[in-house]
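The next block holds one structure in the form of structure tokens; read it before the comments.
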Amino acid sequence: MSKHAPTLPPMGALGFVRYTWRQLTSMKTALILLFLLAIASVPGSIFPQRGNNPLRVNEWITDSPTSGSIFDALGFFDVYSSPWFAAVYLLLFISLIGCVLPRTKVHWRAMFAPPPPAPRNLLRLPESMSFEVSASADEVLARGQKYLSGRRWRLLVAGNFVAAEKGFLRETGNLLFHFSLILILIAIALGGLFGWKGNVIVRTGQGFSNTLTQYDAWGGGRFTGASRLSPFSFTLDKFNVEFDRSEAQLGSPKLFEADVTYRRLPGTDAENTRIEVNTPLEIDGSKVFLVGHGYAPHFVVRDAGGEITFDDSVVFLPQDGNFTSTGVVKIPDSDPQLGFQGIFVPTAASNNLRGPISIFPGPDDPAVFMSAWRGDMGLDSGAPQSVYRLDTAAMDQIGIVALRQGQTWTLPDGSGSIAFTGFERWASFQIAYDPGKEIALLGAVLAITGLLLSLFIRRRRVWITATANSEGVTVVHLAGLARIESADLPGELQLIRSVVSDLSDTASATSTDERREKK
């Protein structure tokens, strides 16, 4: 007689939805989505992001037109606003909620439920023992009840047994950890939708107003904009920096702080404060962080007739720990246009392979190495350009020179001169507003708390039964069950045994291991 597989009923639309929901809210799916979210964040760390540095993105695409266009179409230059990143993020959010809420409901009920009654045959449990005592069964159970209740075990006393349970905080820790992930996702969402941050370089003596046009780079969430920026302002009065000159820590910064004067609102009284690396200035929820510093050499450029066409300090960006810095000077109003590429070294030295370098970050022997270019800088094309880069594609080089402070270079084609008259310091600030940082901090605290509870709390159950045999001797069965192997159940049972009976009164005792040896 042949056996036929049973025909299963069709799943149907509702059944398919129920199946999909169960798969989405499983812990396995949550872990996979968390791993995918980590992978999806990698391009945001490798590629420049359009929200933070659009000029760098344009340069990247221009330098690599084929791969740049592909990466741009995939959203690699705007990762955190891309549809695929949002899809993984939202699925993880839904999966965690669907996973945590049912487990929380079950755990809540279990916390107030009594321990399960003793099994019919305790000696079948992996950790158990049996022994006889001269004390009565009621006395044995009373001793066990008193000992376990004194150590905050949850008890169920009925008939000839005592059931005890302990370690519910382990599951509480697991739920806290997963709930903390939900809080962190909410914090990230709040920061991504309503937060913003920007970077700005301010020279000593110059000021900054919190408007979009003042930022060198700015990125904000979808629900933020210029109207949400607090109208504060500050002036960099002085930048203090000192470098270690000892042989062991040569060049390491010993002091790194900025003295500023700020106003919370236009027209309000000015306030003075000092911004340090780990001590930002906080105004209306926005924080001003000190993140970097450097040098701004001062140049005076004259035309062929001796008229001053440029007289200002120019920010040079450091390229190494000794502040070998690069920058450009653009004279767009000259005819033809004139541009200079420069390398500033606070303590000048020469290297056969690398050229001019600095051997110490302090200004012991400042010098600047200039190359002059003449031609079309491409400013009339309409394409944005970086103020730290000179487009020399349509320009001709007219000379190279090294200048010490106070020296002047007369250009070889007679088009003018450039003088290196000194330098100023500049400081780089990151200004950020993140409405989700407090929630993220709470989530981090809960995550650590949950991990500690789940790692160090042991979930276990213990049963004690006591009955009198035909000879009037009390037979005690003692057994335990643990959810994890690391729980020291044999030691726990030995402690309970020593309490419920005096060892001198024990007629015989057989543990689990002894029974196995007899078998």
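Order determines the names: the first chain of the structure tokens is A, the second B, and so forth; residues in each chain are numbered 1 upward, and ligands are numbered 1 upward as they are shown.
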Could you give me the residues within region 307-465 of chain A that DSSP places in strand (DSSP E), as a ChimeraX atom specification? /A:308-313,317-318,325-331,338-345,348-351,355-358,367-376,394-404,408-410,416-433,460-465
Could you give me, as a PyMOL selection string, the residues within 12 Å of Thr410 (chain A), counting only C-alpha atoms and dropping anything in the same chain fewer than 3 positions from it? chain A and resi 300-304+306+370+372+398-401+403+407+413-420
Quick one: contact table of region 154-233 of chain A to region 7-29 of chain A, 12 Å max, nearest atom pair and distance in Å to one decimal per residue, counting only C-alpha atoms, chain and number order, as a tab-separated table?
residue	atom	partner	partner_atom	distance
A:Asn174	CA	A:Met27	CA	11.8
A:Leu175	CA	A:Met27	CA	11.9
A:His178	CA	A:Met27	CA	10.1
Just the residues within 12 Å of Thr213 (chain A), please, counting only C-alpha atoms, with nothing from its chain fewer than 4 positions along; format it as a PyMOL selection string. chain A and resi 198-200+208-209+217-218+226+229
Using only C-alpha atoms for the distances, tell me which of A:Ala87, A:Val79, A:Met395, A:Ala164 is nearest to Ala482 (chain A).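 Going through A:Ala87, A:Val79, A:Met395, A:Ala164 one by one, the smallest distance to Ala482 (chain A) is for A:Ala164.
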Give the answer as one residue: which of A:Lys105, A:Arg56, A:Met129, A:Thr235 has the shortest atom-to-atom distance to Tyr388 (chain A), using only C-alpha atoms?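 Checking each of A:Lys105, A:Arg56, A:Met129, A:Thr235 against Tyr388 (chain A), counting only C-alpha atoms, the winner is A:Arg56.
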Need the shell around Asp72 (chain A): protein/DNA/RNA residues with any atom at most 12 Å away, counting only C-alpha atoms. Skip same-chain ones fewer than 3 positions apart. Format as a ChimeraX atom specification? /A:43,47-50,57-58,60-62,64-69,75-79,82
Okay, now the selection with C-alpha atoms, as an mmCIF file, in the first residue's frame?
data_model
loop_
_atom_site.group_PDB
_atom_site.id
_atom_site.type_symbol
_atom_site.label_atom_id
_atom_site.label_comp_id
_atom_site.auth_asym_id
_atom_site.auth_seq_id
_atom_site.Cartn_x
_atom_site.Cartn_y
_atom_site.Cartn_z
ATOM 1 C CA PRO A 43 30.751 53.540 1.471
ATOM 2 C CA PHE A 47 33.700 58.099 -0.366
ATOM 3 C CA PRO A 48 33.174 61.844 0.216
ATOM 4 C CA GLN A 49 29.564 62.694 0.967
ATOM 5 C CA ARG A 50 27.660 65.356 -0.935
ATOM 6 C CA VAL A 57 32.463 64.908 -4.598
ATOM 7 C CA ASN A 58 32.605 66.918 -7.828
ATOM 8 C CA TRP A 60 36.119 62.810 -7.374
ATOM 9 C CA ILE A 61 33.631 62.423 -10.239
ATOM 10 C CA THR A 62 35.745 64.650 -12.527
ATOM 11 C CA SER A 64 37.193 59.327 -12.310
ATOM 12 C CA PRO A 65 34.331 59.967 -14.748
ATOM 13 C CA THR A 66 33.457 56.309 -15.420
ATOM 14 C CA SER A 67 33.498 54.878 -11.914
ATOM 15 C CA GLY A 68 32.385 58.198 -10.443
ATOM 16 C CA SER A 69 29.172 58.195 -12.503
ATOM 17 C CA GLY A 75 24.144 56.654 -4.144
ATOM 18 C CA PHE A 76 27.643 56.101 -2.748
ATOM 19 C CA PHE A 77 28.176 59.880 -2.473
ATOM 20 C CA ASP A 78 24.958 60.332 -0.501
ATOM 21 C CA VAL A 79 24.815 57.067 1.414
ATOM 22 C CA SER A 82 19.906 56.802 -0.303
#
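Closest approach to Leu101 (chain A) among A:Leu125, A:Ile182, A:Leu34, A:Ile359 is made by A:Ile182 (distances from only C-alpha atoms).
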Test item: residues at most 12 Å from Pro83 (chain A), only C-alpha atoms, excluding those fewer than 6 positions along its chain, as a tab-separated table (two decimals) with C-alpha atoms, in the first residue's frame:
chain	number	residue	atom	x	y	z
A	40	ALA	CA	25.86	49.68	3.97
A	73	ALA	CA	24.05	56.50	-9.56
A	74	LEU	CA	24.31	53.92	-6.78
A	75	GLY	CA	24.14	56.65	-4.14
A	76	PHE	CA	27.64	56.10	-2.75
A	89	TYR	CA	17.36	50.96	8.37
A	90	LEU	CA	13.56	50.81	8.46
Can you tell me which residues surround Arg404 (chain A) at a distance of at most 10 Å, considering only C-alpha atoms, apart from same-chain residues fewer than 3 positions away, and format the answer as a PyMOL selection string? chain A and resi 348+365-369+407-408+419-422
Residues from last step as file, C-alpha atoms, as a tab-separated table (two decimals), in the first residue's frame:
chain	number	residue	atom	x	y	z
A	348	ALA	CA	62.12	75.06	7.04
A	365	ASP	CA	62.17	79.36	10.83
A	366	PRO	CA	59.10	80.07	8.67
A	367	ALA	CA	59.43	80.03	4.90
A	368	VAL	CA	57.20	79.67	1.87
A	369	PHE	CA	58.02	78.04	-1.47
A	407	GLN	CA	61.37	88.85	1.42
A	408	THR	CA	59.84	89.95	-1.90
A	419	ALA	CA	56.01	89.63	-0.70
A	420	PHE	CA	55.80	87.20	2.23
A	421	THR	CA	55.30	89.55	5.17
A	422	GLY	CA	54.33	87.20	8.02
Just how far from CA of Gly173 (chain A) is CA of Ala110 (chain A), in Å to one decimal?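 It comes out at 14.7 Å.
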In terms of the shortest atom-to-atom distance over only C-alpha atoms, which of A:Leu169, A:Ala187, A:Val328, A:Ile70 is closest to Trp108 (chain A)? A:Leu169
Given only C-alpha atoms as the basis, pick out the residue of A:Leu190, A:Ala118, A:Ile439, A:Leu265 nearest to Phe161 (chain A).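 Ranking A:Leu190, A:Ala118, A:Ile439, A:Leu265 by distance to Phe161 (chain A), first place goes to A:Ala118.
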